[in-house]
$ cat final.txt   # compact mmCIF, C-alpha atoms and all ligand atoms
# COMPACT_ATOMS: atom_id res chain seq x y z
CA MET M 1 167.91 -69.84 -166.07
CA SER M 2 164.52 -71.18 -165.09
CA ASN M 3 161.67 -68.74 -164.65
CA LEU M 4 161.24 -68.17 -160.92
CA PHE M 5 157.74 -66.88 -161.44
CA SER M 6 156.07 -70.05 -162.66
CA LEU M 7 153.92 -72.68 -161.05
CA GLU M 8 156.37 -75.41 -162.13
CA TYR M 9 159.29 -73.68 -160.48
CA ALA M 10 157.36 -73.18 -157.22
CA GLN M 11 156.25 -76.81 -157.27
CA GLN M 12 159.82 -77.90 -157.88
CA LEU M 13 160.92 -75.97 -154.78
CA ASP M 14 158.14 -77.66 -152.81
CA ALA M 15 159.21 -81.07 -154.06
CA GLN M 16 162.74 -80.42 -152.76
CA ASP M 17 161.50 -79.16 -149.39
CA PRO M 18 162.62 -81.68 -146.72
CA ILE M 19 159.77 -80.73 -144.35
CA LYS M 20 156.92 -80.36 -146.85
CA HIS M 21 155.02 -83.20 -145.12
CA ILE M 22 154.53 -81.08 -141.98
CA ARG M 23 151.75 -79.16 -143.76
CA GLN M 24 149.65 -82.33 -143.40
CA SER M 25 149.87 -81.89 -139.63
CA PHE M 26 147.65 -78.79 -139.87
CA THR M 27 144.03 -78.10 -140.76
CA ILE M 28 144.10 -75.53 -143.56
CA PRO M 29 140.95 -73.34 -143.83
CA LYS M 30 138.98 -73.60 -147.08
CA GLN M 31 137.58 -70.88 -149.30
CA SER M 32 133.88 -70.94 -150.21
CA ASN M 33 134.80 -72.62 -153.54
CA GLY M 34 136.35 -75.53 -151.63
CA ASN M 35 139.99 -74.67 -152.39
CA GLU M 36 142.43 -74.21 -149.55
CA GLU M 37 143.04 -70.60 -148.57
CA ILE M 38 146.39 -69.01 -149.30
CA TYR M 39 146.89 -68.48 -145.58
CA LEU M 40 149.73 -66.03 -144.94
CA CYS M 41 148.52 -64.80 -141.56
CA GLY M 42 150.43 -67.01 -139.12
CA ASN M 43 152.04 -63.87 -137.66
CA SER M 44 148.60 -62.98 -136.34
CA LEU M 45 146.94 -66.32 -135.64
CA GLY M 46 148.69 -69.56 -136.52
CA LEU M 47 146.72 -72.47 -137.99
CA GLN M 48 145.54 -75.41 -135.95
CA PRO M 49 147.95 -78.33 -135.56
CA LYS M 50 146.04 -81.63 -135.60
CA LEU M 51 148.00 -82.61 -132.48
CA ALA M 52 146.63 -79.55 -130.66
CA ALA M 53 143.07 -80.75 -131.27
CA GLN M 54 144.02 -84.28 -130.25
CA TYR M 55 145.75 -83.25 -127.01
CA VAL M 56 142.90 -80.92 -126.01
CA ASN M 57 140.45 -83.76 -126.56
CA ASP M 58 142.67 -86.07 -124.52
CA GLU M 59 142.43 -83.72 -121.55
CA LEU M 60 138.68 -83.34 -121.94
CA SER M 61 138.44 -87.15 -121.75
CA GLN M 62 140.73 -87.28 -118.73
CA TRP M 63 138.57 -84.73 -116.96
CA ALA M 64 135.40 -86.68 -117.85
CA LYS M 65 136.91 -89.98 -116.67
CA LEU M 66 139.00 -88.92 -113.69
CA GLY M 67 137.53 -85.72 -112.28
CA VAL M 68 139.87 -84.22 -109.70
CA LYS M 69 142.14 -87.27 -109.84
CA GLY M 70 143.35 -86.00 -113.22
CA HIS M 71 145.69 -83.71 -111.31
CA PHE M 72 147.83 -86.68 -110.36
CA SER M 73 147.03 -89.53 -112.75
CA GLY M 74 147.15 -90.32 -116.44
CA ASP M 75 150.10 -89.88 -118.80
CA TYR M 76 150.08 -86.10 -118.47
CA PRO M 77 148.83 -85.23 -114.98
CA TRP M 78 147.67 -81.62 -114.60
CA MET M 79 149.72 -80.83 -111.50
CA PRO M 80 153.02 -80.70 -113.38
CA TYR M 81 151.44 -80.16 -116.84
CA HIS M 82 153.31 -76.88 -117.50
CA GLU M 83 156.57 -78.79 -117.07
CA PHE M 84 155.77 -80.78 -120.23
CA LEU M 85 156.19 -77.56 -122.22
CA SER M 86 159.51 -76.44 -120.75
CA GLU M 87 161.77 -78.37 -123.07
CA GLY M 88 159.98 -77.12 -126.19
CA PHE M 89 159.99 -73.49 -125.04
CA ALA M 90 163.61 -73.71 -123.93
CA GLU M 91 164.71 -74.94 -127.34
CA LEU M 92 162.75 -72.22 -129.16
CA VAL M 93 164.20 -69.29 -127.20
CA GLY M 94 167.62 -70.76 -126.36
CA ALA M 95 167.20 -71.17 -122.62
CA LYS M 96 167.63 -73.71 -119.85
CA THR M 97 164.38 -75.52 -119.05
CA LYS M 98 164.22 -73.90 -115.61
CA GLU M 99 164.38 -70.45 -117.21
CA VAL M 100 161.06 -70.78 -119.06
CA VAL M 101 157.48 -71.20 -117.96
CA SER M 102 154.04 -71.01 -119.55
CA MET M 103 151.64 -68.76 -117.66
CA ASN M 104 149.09 -65.96 -118.03
CA THR M 105 148.95 -63.96 -121.25
CA LEU M 106 151.58 -61.80 -122.89
CA THR M 107 150.66 -58.34 -121.61
CA ALA M 108 150.04 -59.73 -118.12
CA ASN M 109 153.52 -61.29 -118.18
CA LEU M 110 155.11 -58.01 -119.29
CA HIS M 111 153.53 -56.36 -116.24
CA PHE M 112 154.63 -59.11 -113.87
CA MET M 113 158.15 -58.94 -115.29
CA MET M 114 158.21 -55.18 -114.82
CA VAL M 115 157.15 -55.61 -111.20
CA SER M 116 160.43 -57.46 -110.71
CA PHE M 117 162.69 -55.73 -113.22
CA TYR M 118 161.52 -52.14 -113.43
CA ARG M 119 162.68 -50.63 -110.13
CA PRO M 120 162.91 -46.90 -110.85
CA THR M 121 164.82 -44.48 -108.62
CA GLN M 122 165.05 -40.68 -108.80
CA THR M 123 168.24 -40.94 -110.84
CA ARG M 124 167.41 -44.03 -112.89
CA HIS M 125 163.77 -44.13 -113.90
CA LYS M 126 163.54 -44.36 -117.70
CA ILE M 127 162.28 -47.16 -119.89
CA ILE M 128 163.53 -47.31 -123.47
CA ILE M 129 160.97 -48.70 -125.91
CA GLU M 130 160.17 -48.00 -129.55
CA ASP M 131 158.02 -45.17 -130.72
CA HIS M 132 155.97 -47.58 -132.80
CA ALA M 133 155.65 -50.30 -130.16
CA PHE M 134 152.61 -52.54 -130.22
CA PRO M 135 149.93 -50.54 -128.35
CA SER M 136 149.64 -53.05 -125.50
CA ASP M 137 153.38 -52.79 -124.80
CA HIS M 138 153.18 -49.01 -124.90
CA TYR M 139 150.27 -48.97 -122.44
CA ALA M 140 151.96 -51.47 -120.15
CA VAL M 141 155.16 -49.41 -119.99
CA GLU M 142 153.36 -46.10 -119.65
CA SER M 143 151.15 -47.39 -116.84
CA GLN M 144 154.09 -48.93 -114.97
CA ILE M 145 155.91 -45.58 -115.07
CA LYS M 146 152.83 -43.80 -113.72
CA TYR M 147 152.26 -46.51 -111.12
CA HIS M 148 155.70 -45.74 -109.70
CA GLY M 149 154.88 -42.03 -109.57
CA PHE M 150 156.97 -40.95 -112.54
CA ASN M 151 155.96 -39.01 -115.61
CA PRO M 152 155.99 -40.80 -118.98
CA GLU M 153 156.97 -37.51 -120.67
CA GLN M 154 160.34 -37.71 -118.94
CA SER M 155 160.65 -41.41 -118.26
CA MET M 156 159.60 -43.00 -121.53
CA ILE M 157 162.27 -42.90 -124.24
CA LEU M 158 160.75 -43.67 -127.64
CA LEU M 159 163.11 -44.89 -130.35
CA LYS M 160 162.20 -43.68 -133.84
CA PRO M 161 163.58 -44.59 -137.26
CA ARG M 162 165.49 -41.79 -138.99
CA GLU M 163 163.55 -39.28 -141.05
CA GLY M 164 162.40 -40.98 -144.27
CA GLU M 165 163.29 -44.47 -143.00
CA GLU M 166 160.95 -47.24 -141.89
CA THR M 167 163.07 -49.38 -139.59
CA LEU M 168 165.40 -48.72 -136.69
CA ARG M 169 169.13 -48.88 -137.32
CA ASP M 170 171.03 -51.06 -134.86
CA GLU M 171 173.63 -48.30 -134.45
CA ASP M 172 170.90 -45.79 -133.52
CA ILE M 173 169.50 -48.11 -130.83
CA LEU M 174 172.98 -48.49 -129.35
CA LYS M 175 173.50 -44.73 -129.51
CA ALA M 176 170.25 -44.12 -127.58
CA ILE M 177 171.37 -46.63 -124.94
CA GLU M 178 174.70 -44.82 -124.71
CA GLU M 179 172.93 -41.47 -124.35
CA HIS M 180 170.17 -42.44 -121.87
CA GLY M 181 171.67 -45.55 -120.28
CA ASP M 182 172.77 -43.92 -117.04
CA THR M 183 169.23 -42.77 -116.26
CA THR M 184 167.49 -45.86 -117.69
CA ALA M 185 166.13 -48.61 -115.46
CA LEU M 186 164.83 -50.87 -118.22
CA ILE M 187 165.16 -51.44 -121.95
CA MET M 188 162.15 -53.28 -123.35
CA LEU M 189 162.17 -53.94 -127.07
CA PRO M 190 160.70 -56.51 -129.46
CA GLY M 191 162.77 -59.39 -130.80
CA VAL M 192 160.88 -59.01 -134.07
CA GLN M 193 158.99 -55.78 -134.72
CA TYR M 194 155.32 -56.53 -135.39
CA TYR M 195 154.72 -53.85 -138.02
CA THR M 196 157.85 -54.04 -140.15
CA GLY M 197 159.00 -57.60 -139.43
CA GLN M 198 162.46 -56.29 -138.53
CA VAL M 199 164.58 -58.54 -136.30
CA LEU M 200 166.54 -56.55 -133.71
CA ASP M 201 170.04 -57.48 -132.62
CA MET M 202 169.04 -58.74 -129.17
CA GLU M 203 172.56 -59.76 -128.23
CA SER M 204 174.19 -56.37 -128.78
CA ILE M 205 171.23 -54.49 -127.23
CA THR M 206 171.47 -56.64 -124.10
CA LYS M 207 175.21 -56.12 -123.83
CA ALA M 208 174.97 -52.36 -124.35
CA GLY M 209 172.15 -52.12 -121.78
CA HIS M 210 174.03 -54.15 -119.18
CA ASP M 211 177.20 -52.11 -119.72
CA LYS M 212 175.13 -49.10 -118.62
CA GLY M 213 173.56 -50.89 -115.66
CA CYS M 214 170.08 -51.27 -117.20
CA LYS M 215 167.84 -54.34 -117.12
CA VAL M 216 166.97 -55.66 -120.58
CA GLY M 217 163.78 -57.52 -121.51
CA PHE M 218 162.25 -58.51 -124.84
CA ASP M 219 158.74 -58.96 -126.15
CA LEU M 220 159.04 -62.06 -128.32
CA ALA M 221 155.45 -62.17 -129.64
CA HIS M 222 156.70 -62.19 -133.24
CA ALA M 223 160.01 -63.91 -132.57
CA THR M 224 159.19 -67.17 -130.80
CA GLY M 225 158.66 -69.94 -133.33
CA ASN M 226 159.88 -67.58 -136.07
CA ILE M 227 163.62 -67.15 -135.48
CA PRO M 228 166.07 -69.09 -133.28
CA MET M 229 167.39 -67.21 -130.24
CA LYS M 230 169.91 -67.66 -127.42
CA LEU M 231 168.38 -65.80 -124.50
CA HIS M 232 170.46 -67.58 -121.88
CA GLU M 233 173.78 -67.02 -123.61
CA TRP M 234 172.90 -63.41 -124.44
CA ASN M 235 172.19 -62.81 -120.76
CA VAL M 236 168.77 -61.31 -121.38
CA ASP M 237 167.06 -60.54 -118.05
CA PHE M 238 163.53 -61.52 -119.04
CA ALA M 239 161.29 -62.11 -122.05
CA ALA M 240 157.64 -62.87 -122.71
CA TRP M 241 155.74 -64.13 -125.73
CA CYS M 242 152.26 -65.18 -126.78
CA THR M 243 151.72 -68.62 -128.28
CA TYR M 244 148.93 -68.00 -130.78
CA LYS M 245 151.06 -66.45 -133.55
CA TYR M 246 153.97 -68.57 -134.80
CA LEU M 247 153.29 -71.06 -132.01
CA ASN M 248 149.89 -72.10 -133.38
CA SER M 249 148.23 -72.81 -130.06
CA GLY M 250 144.89 -71.09 -130.64
CA PRO M 251 143.26 -67.73 -129.98
CA GLY M 252 144.13 -66.19 -126.61
CA SER M 253 146.18 -69.21 -125.57
CA VAL M 254 148.50 -69.09 -122.55
CA ALA M 255 151.76 -67.16 -122.97
CA GLY M 256 155.40 -67.98 -122.27
CA CYS M 257 157.95 -66.27 -120.09
CA PHE M 258 161.74 -66.38 -119.62
CA VAL M 259 163.66 -65.28 -116.54
CA HIS M 260 167.43 -65.66 -116.62
CA GLU M 261 168.69 -68.14 -114.01
CA ARG M 262 170.90 -65.54 -112.33
CA HIS M 263 167.70 -63.97 -110.95
CA HIS M 264 166.21 -67.19 -109.61
CA THR M 265 167.79 -67.09 -106.18
CA ASP M 266 167.74 -63.32 -105.67
CA LYS M 267 165.72 -62.97 -102.48
CA ASP M 268 165.52 -59.16 -102.79
CA LEU M 269 163.68 -59.19 -106.11
CA PRO M 270 160.10 -58.04 -105.59
CA ARG M 271 157.38 -60.03 -107.29
CA PHE M 272 153.63 -60.36 -107.23
CA ALA M 273 153.32 -63.89 -105.92
CA GLY M 274 150.74 -66.65 -106.03
CA TRP M 275 150.60 -70.20 -104.74
CA TRP M 276 151.76 -71.78 -108.01
CA GLY M 277 155.11 -70.01 -107.62
CA HIS M 278 155.65 -71.63 -104.23
CA ASP M 279 158.09 -74.49 -103.86
CA LYS M 280 156.15 -77.43 -105.20
CA ASP M 281 157.21 -79.89 -102.49
CA SER M 282 155.56 -77.83 -99.76
CA ARG M 283 152.87 -76.01 -101.81
CA PHE M 284 150.02 -78.08 -100.40
CA LYS M 285 151.03 -77.66 -96.79
CA MET M 286 149.24 -74.33 -97.08
CA GLU M 287 151.41 -72.69 -94.45
CA ASN M 288 151.35 -69.15 -95.85
CA GLN M 289 155.12 -68.77 -95.80
CA PHE M 290 156.00 -68.05 -99.44
CA VAL M 291 158.99 -70.09 -100.54
CA PRO M 292 159.62 -69.28 -104.21
CA MET M 293 160.70 -72.04 -106.57
CA GLU M 294 164.26 -71.53 -107.79
CA SER M 295 163.20 -71.23 -111.42
CA ALA M 296 161.05 -69.08 -113.71
CA GLU M 297 158.13 -71.02 -112.22
CA ALA M 298 158.43 -68.82 -109.13
CA TRP M 299 156.60 -66.11 -111.11
CA GLN M 300 153.52 -68.30 -111.67
CA LEU M 301 150.39 -67.22 -109.85
CA SER M 302 147.62 -69.69 -110.51
CA ASN M 303 147.16 -73.26 -111.53
CA PRO M 304 147.15 -72.91 -115.33
CA PRO M 305 144.38 -73.59 -117.88
CA ILE M 306 145.22 -77.14 -118.94
CA LEU M 307 143.19 -77.12 -122.18
CA SER M 308 145.28 -74.24 -123.43
CA LEU M 309 148.54 -75.85 -122.32
CA ALA M 310 147.45 -79.02 -124.12
CA ALA M 311 147.13 -77.06 -127.37
CA ILE M 312 150.59 -75.59 -126.85
CA ARG M 313 152.00 -79.05 -126.23
CA GLY M 314 150.45 -80.17 -129.53
CA SER M 315 152.11 -77.25 -131.27
CA LEU M 316 155.50 -77.87 -129.67
CA ASP M 317 155.38 -81.56 -130.64
CA THR M 318 154.56 -80.54 -134.22
CA ILE M 319 157.63 -78.28 -134.26
CA LYS M 320 159.71 -81.14 -132.88
CA ASN M 321 158.39 -83.44 -135.63
CA ALA M 322 159.48 -80.85 -138.19
CA GLY M 323 163.04 -81.09 -136.83
CA GLY M 324 163.02 -78.05 -134.53
CA ILE M 325 163.42 -74.32 -134.90
CA HIS M 326 166.70 -74.42 -136.87
CA LYS M 327 165.16 -76.67 -139.50
CA LEU M 328 162.14 -74.34 -139.67
CA ARG M 329 164.35 -71.29 -139.97
CA GLU M 330 166.20 -72.85 -142.93
CA LYS M 331 162.95 -73.29 -144.80
CA SER M 332 161.65 -69.93 -143.63
CA LEU M 333 164.61 -68.11 -145.17
CA ALA M 334 164.16 -69.94 -148.46
CA LEU M 335 160.40 -69.37 -148.49
CA THR M 336 160.41 -65.68 -147.57
CA ASN M 337 163.36 -64.94 -149.85
CA TYR M 338 161.51 -66.61 -152.71
CA LEU M 339 158.47 -64.42 -152.01
CA ARG M 340 160.70 -61.35 -151.88
CA GLN M 341 162.37 -62.26 -155.18
CA LEU M 342 159.01 -62.67 -156.89
CA LEU M 343 157.72 -59.35 -155.54
CA GLU M 344 160.89 -57.54 -156.57
CA GLN M 345 160.86 -59.12 -160.00
CA GLU M 346 157.16 -58.80 -160.81
CA LEU M 347 155.94 -55.78 -158.85
CA LYS M 348 159.02 -53.63 -158.46
CA ASP M 349 157.29 -50.35 -159.30
CA ASP M 350 154.07 -50.98 -157.41
CA ILE M 351 155.20 -52.43 -154.10
CA ASN M 352 157.63 -51.36 -151.38
CA ILE M 353 158.97 -53.89 -148.93
CA LEU M 354 159.59 -52.30 -145.51
CA THR M 355 161.16 -55.39 -143.98
CA PRO M 356 164.98 -55.29 -144.03
CA LYS M 357 166.57 -57.55 -146.60
CA GLU M 358 169.45 -59.12 -144.68
CA ASP M 359 168.74 -62.56 -143.25
CA LYS M 360 169.86 -61.47 -139.79
CA SER M 361 167.33 -58.62 -139.75
CA SER M 362 164.23 -60.43 -140.99
CA GLY M 363 162.02 -63.37 -140.15
CA ALA M 364 159.06 -64.94 -141.93
CA GLN M 365 157.05 -61.75 -142.38
CA LEU M 366 157.26 -59.20 -145.19
CA SER M 367 155.51 -55.86 -144.70
CA LEU M 368 154.40 -54.26 -147.95
CA THR M 369 153.09 -50.88 -148.99
CA VAL M 370 151.43 -50.31 -152.34
CA ASN M 371 152.45 -47.23 -154.37
CA LEU M 372 149.55 -46.70 -156.67
CA GLN M 373 148.12 -43.34 -157.60
CA GLY M 374 144.48 -43.36 -156.57
CA ALA M 375 144.47 -46.79 -154.90
CA ASP M 376 145.29 -47.38 -151.29
CA GLY M 377 146.64 -50.46 -149.56
CA LYS M 378 143.26 -51.28 -148.06
CA GLN M 379 141.60 -51.48 -151.47
CA ILE M 380 144.27 -53.89 -152.71
CA PHE M 381 144.02 -55.86 -149.49
CA ASP M 382 140.25 -56.27 -149.89
CA ALA M 383 140.74 -57.45 -153.48
CA ILE M 384 143.30 -60.12 -152.60
CA GLU M 385 141.18 -61.35 -149.69
CA ALA M 386 138.23 -61.75 -152.04
CA ASP M 387 140.53 -63.89 -154.19
CA GLY M 388 141.42 -66.44 -151.48
CA VAL M 389 144.36 -64.86 -149.68
CA THR M 390 144.31 -64.42 -145.90
CA CYS M 391 146.89 -61.94 -144.66
CA ASP M 392 146.50 -58.78 -142.65
CA PHE M 393 146.31 -55.06 -142.97
CA ARG M 394 147.71 -52.57 -140.49
CA HIS M 395 146.79 -48.91 -140.55
CA PRO M 396 147.70 -46.69 -142.20
CA ASN M 397 148.76 -48.71 -145.24
CA VAL M 398 150.76 -51.84 -144.55
CA ILE M 399 149.89 -55.32 -145.82
CA ARG M 400 151.68 -57.96 -143.76
CA VAL M 401 152.28 -61.39 -145.28
CA ALA M 402 153.99 -64.20 -143.46
CA PRO M 403 154.73 -67.48 -145.22
CA VAL M 404 155.10 -69.84 -142.27
CA PRO M 405 157.55 -72.70 -142.82
CA GLN M 406 155.42 -75.26 -140.98
CA TYR M 407 152.42 -75.08 -143.27
CA ASN M 408 153.04 -72.70 -146.17
CA SER M 409 154.45 -73.78 -149.50
CA PHE M 410 156.43 -72.13 -152.27
CA GLU M 411 153.29 -72.60 -154.33
CA ASP M 412 151.39 -70.42 -151.80
CA CYS M 413 153.95 -67.65 -152.44
CA PHE M 414 153.54 -68.03 -156.20
CA HIS M 415 149.72 -67.82 -155.97
CA PHE M 416 149.91 -64.85 -153.62
CA VAL M 417 152.05 -62.85 -156.05
CA THR M 418 149.78 -63.77 -158.97
CA ILE M 419 146.69 -62.65 -157.04
CA LEU M 420 148.37 -59.46 -155.84
CA GLN M 421 149.47 -58.67 -159.39
CA ASN M 422 145.89 -59.10 -160.63
CA ALA M 423 144.55 -56.87 -157.86
CA ILE M 424 147.06 -54.14 -158.69
CA GLU M 425 146.37 -54.36 -162.44
CA GLY M 426 142.65 -54.17 -161.65
CA ALA M 427 143.13 -50.99 -159.62
CA LYS M 428 145.18 -49.17 -162.29
C1 LIG F 1 150.43 -59.88 -130.45
C2 LIG F 1 151.12 -58.93 -129.57
C3 LIG F 1 150.60 -58.58 -128.31
C4 LIG F 1 149.28 -59.12 -127.83
O1 LIG F 1 149.17 -59.08 -126.45
P1 LIG F 1 148.19 -60.06 -125.65
O2 LIG F 1 148.48 -59.75 -124.25
O3 LIG F 1 148.52 -61.47 -126.06
O4 LIG F 1 146.79 -59.73 -126.06
C5 LIG F 1 151.34 -57.72 -127.52
N1 LIG F 1 152.53 -57.21 -127.94
C6 LIG F 1 153.04 -57.52 -129.14
C7 LIG F 1 154.35 -56.95 -129.57
C8 LIG F 1 152.35 -58.38 -130.00
O5 LIG F 1 152.85 -58.67 -131.20

$ encode --input "final.txt" --output "structure tokens"
Amino acid sequence: MSNLFSLEYAQQLDAQDPIKHIRQSFTIPKQSNGNEEIYLCGNSLGLQPKLAAQYVNDELSQWAKLGVKGHFSGDYPWMPYHEFLSEGFAELVGAKTKEVVSMNTLTANLHFMMVSFYRPTQTRHKIIIEDHAFPSDHYAVESQIKYHGFNPEQSMILLKPREGEETLRDEDILKAIEEHGDTTALIMLPGVQYYTGQVLDMESITKAGHDKGCKVGFDLAHATGNIPMKLHEWNVDFAAWCTYKYLNSGPGSVAGCFVHERHHTDKDLPRFAGWWGHDKDSRFKMENQFVPMESAEAWQLSNPPILSLAAIRGSLDTIKNAGGIHKLREKSLALTNYLRQLLEQELKDDINILTPKEDKSSGAQLSLTVNLQGADGKQIFDAIEADGVTCDFRHPNVIRVAPVPQYNSFEDCFHFVTILQNAIEGAK
């Protein structure tokens, strides 16, 4: 058998990779010695697609040339610009085009979604989230509960892994829904957990929640562009995601949102409205009678930042050029499993991988802890960064690495393990 842990083997895997050329569509940051970085941080901030830069520049030129007329002229007029992203978003999350919209930022969207879908009553007021939710999600949920006059101590149900375990078991999530479902208004969980990289079973969670009469929404910050989903078919009520992680659209870029079509014509649903959610045929009559669009667009407030949408469009076109999310997922599984194999083979005693092993429970990211007497994860992290790796560190001791199928190579995984091995040897 060939040696997996060799440069030749990694290069052979790259040579067989049907989408290896997509890396050329990105600008890869350089180290001070001129070599490309081993960039494994796309779960935090994705790299820049060349098309994103091009499309942003196109809109700057349109603005310079056309001024206000850019709203209605040119190939991509600004008035309907968000519509140019619908097909790409819909394909990534498994939705109809009218169920998705780009607007605001992620945490803002979670709040706006909760305005519509968290309607607590005296008997049904709880929100189920995870104990180790991303802080922004925790704050959003906690503040919504307080805003409605309830007490987070009673109304916030925090799901924890079992004693001695790192990730949530699907069966334990379903058990909590069974136990609290009758008093729960909303279940809000991640599609992919940011700290451990665990993929949750969104379909069974949604079904279990609906069986108990709860609304079910997902934070897809780490899922969109990482794993394929079927939000429409799974009947998810709502979802929101940022676009600067696996969607490579630049720091703080505009977020995405999904609202299932069965909610589009519900006149009783409360929402915080703005003019961009008004029926577009009569929006400019300015009559102050809000007529919501019959789509996720009804939740829009403002006319969106076009430069940011242009970057997202560049990213979505790059994904399309790579053959779409299923093609990316195929490579992602091969790439991340290769990295896992190398870590297990070369660093078995020194490294723990928190991320579940089964394909259905993991995406691009592996979350690692280092078990070294006298050395902590941060020390190892600093050493690998000094050696050309960009990844990230999360307190207290997790190193997160995410080989991204669009621009990472098998060779990147090989170099990462070599550098990590050197850092660990150096710390012993
Ligand atoms: C990245 C991330 C955020 C960031 O929120 P912003 O509103 O975009 O600043 C929130 N929640 C989760 C789960 C994330 O992974």

$ residues_around --input "final.txt" --residues "stretch 164-166 of chain M" --least-positions-apart "3" --cutoff "10 Å" --atoms "all atoms listed in the file" --output "number ranges by chain"
M: 160-161, 169, 195-196, 198, 353-356

$ closest_atom_pairs --input "final.txt" --of "chain M" --to "ligand LIG 1 (chain F)" --cutoff "7 Å" --atoms "only C-alpha atoms and all ligand atoms" --output "Markdown table"
| residue | atom | partner | partner_atom | distance |
| --- | --- | --- | --- | --- |
| M:Ser44 | CA | F:LIG1 | C1 | 6.9 |
| M:Thr105 | CA | F:LIG1 | O2 | 5.2 |
| M:Leu106 | CA | F:LIG1 | O2 | 4.0 |
| M:Thr107 | CA | F:LIG1 | O2 | 3.7 |
| M:Ala108 | CA | F:LIG1 | O2 | 6.3 |
| M:Ala133 | CA | F:LIG1 | C7 | 6.8 |
| M:Phe134 | CA | F:LIG1 | C7 | 4.8 |
| M:Ser136 | CA | F:LIG1 | C5 | 5.4 |
| M:Asp137 | CA | F:LIG1 | N1 | 5.5 |
| M:Pro190 | CA | F:LIG1 | C7 | 6.4 |
| M:Tyr194 | CA | F:LIG1 | O5 | 5.3 |
| M:Asp219 | CA | F:LIG1 | C7 | 5.9 |
| M:Ala221 | CA | F:LIG1 | O5 | 4.6 |
| M:His222 | CA | F:LIG1 | O5 | 5.6 |
| M:Cys242 | CA | F:LIG1 | O3 | 5.3 |
| M:Gly252 | CA | F:LIG1 | O3 | 6.5 |

$ atom_distance --input "final.txt" --atom1 "atom CA of M:Asp201" --atom2 "atom CA of M:Leu342"
27.2 Å

$ atom_distance --input "final.txt" --atom1 "atom CA of M:Met114" --atom2 "atom CA of M:Met202"
18.3 Å

$ closest_residue --input "final.txt" --among "M:Gln122, M:Gln300, M:Thr184, M:Gln48" --to "M:Val101" --atoms "all atoms listed in the file"
M:Gln300

$ residues_around --input "final.txt" --residues "M:Asp359" --least-positions-apart "3" --cutoff "10 Å" --atoms "all atoms listed in the file" --output "list in words"
Val199, Leu333, Thr336, Asn337, Pro356, Ser362 and Gly363 of chain M

$ atom_distance --input "final.txt" --atom1 "atom CA of M:Lys65" --atom2 "atom CA of M:Asp281"
26.7 Å

$ residues_around --input "final.txt" --residues "M:Asp170" --least-positions-apart "3" --cutoff "9 Å" --atoms "all atoms listed in the file" --output "JSON, numbers by chain"
{"M": [173, 174, 175, 200, 201, 204, 205]}
